[in-house]
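J.: Below: one structure in structure tokens.
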Amino acid sequence: MKTHIFKAVFPVAGLGTRFLPATKAMPKEMLTVVDKPLIQYAVEEAIAAGITELIFVTGRSKRAIEDHFDKAYELENELEQKNKKDLLEIVQNIKPSHVDCVYVRQAEALGLGHAILCAEKLVADDPFAVILADDLLTGQPPVLKQMVDVYQHYRCSVIGIEPIEKEQSRSYGVIAGKKWDDKLYKLSGIIEKPAPEDAPSNLGVVGRYVLSPNI
């Protein structure tokens with residue numbers, strides 16, 4: 001069984017209707033938090049976990065994401081000519097040279113599972129991470145790094161969860177399971193967006209997954 005994880009899938013084809021009108025002409029993943037778009041935070045988290053191949057499952061109107069991680073020759077030349085070295089370094093480090101970006105189109109918005117399936121040929125028989133960029137998570141070590149460590153130790157798929165209020169259950173997949181370790185639960189099932197009275201726990205799934213290829 002392979003345990004080294006170097007691929008991450010970013011499902012970014014959604015229309016972002018919850019964020020309208022901000023997302024009418026801009027991908028929700030490009031919405032800015034402080035000085036960086038959401039997708040940049042997600043990519044930095046992936047790289048900190050050892051990921052070197054970024055697989056973006058995109059849709060129409062998502063060209064801005066591809067442009068963001070592409071080399072910007074004109075901008076870099078202008079910054080260099082104006083001796084703006086700090087800004088030049090920031091722009092050049094958006095995607096480190098040892099990291100590759102791959103893009104695959106999801107023709108129809110058929111949900112998260114279908115988006116991941118669109119990356120099947122690129123994932124091949126390697127374990128991989130899935131990151132939903134609109135879930136901005138912070139932690140030390142970074143959340144995905146913690147999950148990769150768990151995968152490598154226990155050699156099983158890992159899903160990120162967080163405590164939620166019962167009233168929030170309609171916005172989450174809610175897990176059923178038993179506590180296994182300090183911060184680990186062994187899942188027996190997930191109920192998608194249950195009514196509060198039907199929620200099996202107060203633990204909701206967040207947008208981080210580490211999956212074996214047989215998924």
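In the structure tokens, the first chain shown is A, the next is B, and so on; residue numbers restart at 1 for each chain, and ligands run from 1 in the order shown.
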Among chain A, which residues carry a DSSP assignment of alpha helix (DSSP H), reported as an NGL selection string?

T.: :A and (38-48 or 63-68 or 73-81 or 85-92 or 112-118 or 120-123 or 143-154)

J.: Include C-alpha atoms and write out the residues we just selected as a PDB file, in the first residue's frame.

T.:
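Done, and the output landed in again39.pdb:
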```
ATOM      1  CA  LEU A  38      -9.022  31.547  -0.817  1.00  0.00           C
ATOM      2  CA  ILE A  39      -7.467  29.176  -3.338  1.00  0.00           C
ATOM      3  CA  GLN A  40      -3.997  30.482  -2.480  1.00  0.00           C
ATOM      4  CA  TYR A  41      -4.456  29.602   1.187  1.00  0.00           C
ATOM      5  CA  ALA A  42      -5.604  26.115   0.180  1.00  0.00           C
ATOM      6  CA  VAL A  43      -2.611  25.597  -2.103  1.00  0.00           C
ATOM      7  CA  GLU A  44      -0.185  26.782   0.570  1.00  0.00           C
ATOM      8  CA  GLU A  45      -1.743  24.321   3.020  1.00  0.00           C
ATOM      9  CA  ALA A  46      -1.306  21.523   0.482  1.00  0.00           C
ATOM     10  CA  ILE A  47       2.330  22.386  -0.211  1.00  0.00           C
ATOM     11  CA  ALA A  48       3.035  22.490   3.538  1.00  0.00           C
ATOM     12  CA  ARG A  63     -10.034  30.861 -16.010  1.00  0.00           C
ATOM     13  CA  ALA A  64      -8.954  33.276 -13.263  1.00  0.00           C
ATOM     14  CA  ILE A  65      -7.734  30.357 -11.145  1.00  0.00           C
ATOM     15  CA  GLU A  66      -5.503  29.053 -13.932  1.00  0.00           C
ATOM     16  CA  ASP A  67      -4.182  32.556 -14.594  1.00  0.00           C
ATOM     17  CA  HIS A  68      -3.434  33.063 -10.891  1.00  0.00           C
ATOM     18  CA  TYR A  73       5.796  37.562 -17.569  1.00  0.00           C
ATOM     19  CA  GLU A  74       4.597  41.134 -18.111  1.00  0.00           C
ATOM     20  CA  LEU A  75       3.939  41.745 -14.424  1.00  0.00           C
ATOM     21  CA  GLU A  76       7.264  40.232 -13.369  1.00  0.00           C
ATOM     22  CA  ASN A  77       9.159  42.319 -15.936  1.00  0.00           C
ATOM     23  CA  GLU A  78       7.480  45.504 -14.741  1.00  0.00           C
ATOM     24  CA  LEU A  79       8.221  44.759 -11.077  1.00  0.00           C
ATOM     25  CA  GLU A  80      11.823  43.944 -11.940  1.00  0.00           C
ATOM     26  CA  GLN A  81      12.285  47.153 -13.934  1.00  0.00           C
ATOM     27  CA  LYS A  85      11.975  43.041  -5.360  1.00  0.00           C
ATOM     28  CA  ASP A  86       9.653  42.177  -2.476  1.00  0.00           C
ATOM     29  CA  LEU A  87       6.578  42.185  -4.695  1.00  0.00           C
ATOM     30  CA  LEU A  88       8.427  40.277  -7.406  1.00  0.00           C
ATOM     31  CA  GLU A  89       9.324  37.547  -4.930  1.00  0.00           C
ATOM     32  CA  ILE A  90       5.712  37.297  -3.763  1.00  0.00           C
ATOM     33  CA  VAL A  91       4.445  36.920  -7.327  1.00  0.00           C
ATOM     34  CA  GLN A  92       7.082  34.332  -8.251  1.00  0.00           C
ATOM     35  CA  LEU A 112     -18.428  16.752  -5.188  1.00  0.00           C
ATOM     36  CA  GLY A 113     -18.222  13.023  -5.863  1.00  0.00           C
ATOM     37  CA  HIS A 114     -18.416  13.563  -9.612  1.00  0.00           C
ATOM     38  CA  ALA A 115     -15.793  16.313  -9.426  1.00  0.00           C
ATOM     39  CA  ILE A 116     -13.370  13.945  -7.708  1.00  0.00           C
ATOM     40  CA  LEU A 117     -14.186  11.255 -10.280  1.00  0.00           C
ATOM     41  CA  CYS A 118     -13.174  13.693 -13.028  1.00  0.00           C
ATOM     42  CA  GLU A 120      -9.566   9.678 -11.636  1.00  0.00           C
ATOM     43  CA  LYS A 121      -7.057   9.276 -14.484  1.00  0.00           C
ATOM     44  CA  LEU A 122      -4.734  11.881 -13.001  1.00  0.00           C
ATOM     45  CA  VAL A 123      -4.878  10.359  -9.528  1.00  0.00           C
ATOM     46  CA  VAL A 143      -4.702  20.795   9.022  1.00  0.00           C
ATOM     47  CA  LEU A 144      -3.859  18.782   5.907  1.00  0.00           C
ATOM     48  CA  LYS A 145      -0.379  17.975   7.250  1.00  0.00           C
ATOM     49  CA  GLN A 146      -1.986  16.557  10.392  1.00  0.00           C
ATOM     50  CA  MET A 147      -4.316  14.436   8.259  1.00  0.00           C
ATOM     51  CA  VAL A 148      -1.510  13.161   6.024  1.00  0.00           C
ATOM     52  CA  ASP A 149       0.386  12.091   9.142  1.00  0.00           C
ATOM     53  CA  VAL A 150      -2.697  10.186  10.349  1.00  0.00           C
ATOM     54  CA  TYR A 151      -3.064   8.489   6.951  1.00  0.00           C
ATOM     55  CA  GLN A 152       0.560   7.401   6.933  1.00  0.00           C
ATOM     56  CA  HIS A 153       0.323   6.070  10.493  1.00  0.00           C
ATOM     57  CA  TYR A 154      -2.995   4.191  10.256  1.00  0.00           C
TER      58      TYR A 154
END
```

J.: Can you pull out every residue within 9 Å of Gly160 of chain A, counting only C-alpha atoms, but drop anything in the same chain fewer than 2 positions away, and send it as a ChimeraX atom specification?

T.: /A:143-144,147,158,162,204-210

J.: Generate a file of the selected residues that holds N, CA and C atoms, formatted as an mmCIF file, in the first residue's frame.

T.:
```cif
data_model
loop_
_atom_site.group_PDB
_atom_site.id
_atom_site.type_symbol
_atom_site.label_atom_id
_atom_site.label_comp_id
_atom_site.auth_asym_id
_atom_site.auth_seq_id
_atom_site.Cartn_x
_atom_site.Cartn_y
_atom_site.Cartn_z
ATOM 1 N N VAL A 143 -3.718 21.874 8.888
ATOM 2 C CA VAL A 143 -4.702 20.795 9.022
ATOM 3 C C VAL A 143 -4.389 19.623 8.099
ATOM 4 N N LEU A 144 -4.107 19.890 6.829
ATOM 5 C CA LEU A 144 -3.859 18.782 5.907
ATOM 6 C C LEU A 144 -2.608 18.005 6.298
ATOM 7 N N MET A 147 -3.550 15.542 8.837
ATOM 8 C CA MET A 147 -4.316 14.436 8.259
ATOM 9 C C MET A 147 -3.431 13.480 7.472
ATOM 10 N N VAL A 158 -8.896 9.399 5.596
ATOM 11 C CA VAL A 158 -9.105 10.328 6.704
ATOM 12 C C VAL A 158 -10.001 11.474 6.221
ATOM 13 N N GLU A 162 -15.252 18.793 12.451
ATOM 14 C CA GLU A 162 -15.191 19.816 13.489
ATOM 15 C C GLU A 162 -16.490 19.789 14.290
ATOM 16 N N GLY A 204 -19.310 17.676 12.318
ATOM 17 C CA GLY A 204 -19.590 17.877 10.911
ATOM 18 C C GLY A 204 -18.341 17.768 10.051
ATOM 19 N N VAL A 205 -18.525 17.305 8.834
ATOM 20 C CA VAL A 205 -17.417 17.148 7.886
ATOM 21 C C VAL A 205 -17.024 18.516 7.332
ATOM 22 N N VAL A 206 -15.722 18.786 7.312
ATOM 23 C CA VAL A 206 -15.197 19.997 6.683
ATOM 24 C C VAL A 206 -14.431 19.603 5.425
ATOM 25 N N GLY A 207 -14.040 20.599 4.653
ATOM 26 C CA GLY A 207 -13.526 20.342 3.315
ATOM 27 C C GLY A 207 -12.099 19.866 3.207
ATOM 28 N N ARG A 208 -11.745 18.828 3.951
ATOM 29 C CA ARG A 208 -10.421 18.217 3.859
ATOM 30 C C ARG A 208 -10.572 16.697 3.908
ATOM 31 N N TYR A 209 -9.956 16.023 2.923
ATOM 32 C CA TYR A 209 -10.016 14.567 2.846
ATOM 33 C C TYR A 209 -8.651 14.043 2.421
ATOM 34 N N VAL A 210 -8.273 12.896 2.953
ATOM 35 C CA VAL A 210 -7.125 12.151 2.450
ATOM 36 C C VAL A 210 -7.651 10.758 2.138
#
```

J.: At a cut-off of 12 Å, using only C-alpha atoms, what residues contact Glu197 of chain A? Leave out same-chain residues fewer than 6 positions from it and give the result as a list in words.

T.: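 Within the cut-off, the hits are Glu165, Lys166, Glu167, Gln168, Ser169, Arg170 and Val174 of chain A.
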
J.: Could the residues in this selection be written to a file with C-alpha atoms, as a CSV table (one decimal), in the first residue's frame?

T.:
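Result saved to again-v9.csv:
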```csv
chain,number,residue,atom,x,y,z
A,165,GLU,CA,-24.0,23.3,17.0
A,166,LYS,CA,-27.0,20.9,16.5
A,167,GLU,CA,-28.8,23.8,14.7
A,168,GLN,CA,-26.1,23.8,12.0
A,169,SER,CA,-26.6,20.2,11.0
A,170,ARG,CA,-28.5,21.1,7.9
A,174,VAL,CA,-22.7,14.7,10.1
```

J.: Could you please determine the separation between atom CA of Leu132 of chain A and atom CA of Ala176 of chain A in Å, to one decimal place?

T.: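 Between these atoms lies a distance of 21.7 Å.
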
J.: Residues within 7 Å of segment 5-13 of chain A, please, as a ChimeraX atom specification. Count only C-alpha atoms; anything in the same chain fewer than 6 positions from it doesn't count.

T.: /A:50-59,106,109,115-116,127-132

J.: Would you give me, as a ChimeraX atom specification, the residues in segment 6-195 of chain A that DSSP reads as strand (DSSP E)?

T.: /A:7-11,32-33,36-37,53-58,100-105,128-131,158-163,173-179,185-192

J.: Could you tell me how far atom CA of Asp182 of chain A lies from atom CA of Ile159 of chain A, in Å and to one decimal?

T.: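 These two atoms are separated by 15.2 Å.
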
J.: What is the atom CA of Gly139 of chain A to atom CA of Cys101 of chain A distance in Å?

T.: 24.6 Å

J.: Ranking A:Asp125, A:Ile94, A:Thr32, A:Ser188 by minimum distance to His4 of chain A and counting only C-alpha atoms, which one comes first?

T.: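 Result for the nearest residue to His4 of chain A: A:Asp125.
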